[in-house]
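Working notes, structure below.
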Amino acid sequence: MRVKLAQGGGGRETAALISELILSRFSNPILDRLEDAAILETGQPVAFTTDSFVVKPLEFPGGDIGKLCVCGTLNDLSVMAAVPKYLSLALIIEEGLEMALLERVLASAAREAAAQNIRVVCGDTKVVEKGGADGLFINTSGLGLLRSGARPSASGLKPGDALIFSGFSGDHAIAVLGARKELNFSTSIVSDCACLEPLVAALFASGCQIHSMRDVTRGGLSAVANELGEASKATLVIEREAVPVRPETQAACDLLGFNPLDLANEGKILIGVPDGDAPKALKALRAHPLGRDAAVIGRIEPRGSFPALLQTALGNRIILEMPRGELLPRIC
Ligand code: MG
């Protein structure tokens, strides 16, 4: 069975689609009311974010667009010290998409949301004509309740801080590229796509101060290092040899001409903590499966000429540039 244009028409077929595909999987008292907007009572400060997902292909080793659209948005809340609570889910479906595929990715999204105790409280379903979209695009917005106490910020890094990366760099990008039929290359690398809230919660519970925290997605470590350096008016110095990269990811990069530090992740964070708190932070991260391979990868220095530098194995320092161009379109 394939999705028909009429299923996005707003009539009987749409109602049936929503009831069979969405409500059957995401049912909760707020969503089930099917009002024009969800009414949420939080009683405390909230963080709010949104993200669109256009990954190609829709399914890849380690995940699919359904898991990704939940994890991606929740992770942006977690790194802002907000405990994720609510999600919106908006689907733009191309006419002719296989119904079984749509059902698999929605089941995957529902599984991930349930595992994280998140409610999908509003949403939308559109169907566009063949060629009007590529299979399926999803937008999710997320709302989370802010933790009390000091909050990490992109501008919060201070000279002397240690930079910690929570695991291997570049796995998501390599897994997705490997799943694309047009690239004549295969890999056993699996996407790191994961909801990071449990890892972030463990980090907060460790009692370490967190000056800055960002999930490292499109543009990889290179992009995030530049963003944080600019925002904090500091220079991030990353030691190339200290960044965890799987040998197979490195081999794929050598083959394809990529730098593993430029590649997207979907389950990794870069954290800046006072140097004295680094051991405590590392211990907390490594005790959790999502942070088992965490490592200190660099330091913060007073702002020099550039926001980010890369220190090579020989001790030379080169500019760590923001990745340029359309290196890897449709990676998330
Ligand atoms: Mg982010």
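Chain labels run A, B, ... following the order of the structure tokens; each chain numbers its residues from 1, and ligands are numbered from 1 in the order shown.
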Q: Write as JSON, numbers by chain the residues around ligand 1, taking 12 Å as the cut-off and counting only C-alpha atoms and all ligand atoms.
A: {"A": [49, 50, 51, 71, 72, 73, 74, 75, 76, 77, 78, 79, 80, 153, 154, 196, 213, 214, 215, 216, 217, 218, 219, 220, 221, 223, 224, 227, 228, 264, 265, 266, 267, 268, 269, 270, 332]}
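Excluding region 176-180 of chain A and any residue on its chain fewer than 5 positions from it, the residues at most 7 Å away by only C-alpha atoms are Pro57, Phe60, Phe185, Ser186, Thr187 and Ile331 of chain A.
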May I have the selected residues written with N, CA and C atoms, as a compact mmCIF listing (two decimals), in the first residue's frame?
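The file below, part.txt, is the result:
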```txt
# COMPACT_ATOMS: atom_id res chain seq x y z
N PRO A 57 19.11 8.14 3.08
CA PRO A 57 17.78 7.53 3.01
C PRO A 57 17.04 7.64 4.35
N PHE A 60 18.59 3.95 7.98
CA PHE A 60 20.03 3.76 7.87
C PHE A 60 20.48 2.93 9.07
N PHE A 185 30.34 2.53 -1.81
CA PHE A 185 31.17 2.36 -0.62
C PHE A 185 30.30 1.74 0.47
N SER A 186 30.85 0.79 1.19
CA SER A 186 30.05 0.19 2.26
C SER A 186 30.86 0.20 3.55
N THR A 187 30.14 0.13 4.68
CA THR A 187 30.81 0.24 5.98
C THR A 187 30.00 -0.52 7.02
N ILE A 331 21.97 15.01 5.56
CA ILE A 331 22.58 14.07 6.50
C ILE A 331 21.72 13.93 7.76
```
Q: Enumerate the residues of region 90-252 of chain A with a DSSP assignment of strand (DSSP E or B), computed from the backbone, and present them as number ranges by chain.
A: A: 90-94, 98, 119-128, 136-146, 162-165, 212-215, 234-239
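Between CA of Arg2 (chain A) and CA of Met99 (chain A) there is a distance of 4.9 Å.
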Q) Which neighbours of Ala37 (chain A) fall inside 12 Å, counting only C-alpha atoms, when residues of the same chain fewer than 3 positions from it are skipped, and could you give them as a ChimeraX atom specification? A) /A:30-34,40,88,121-124
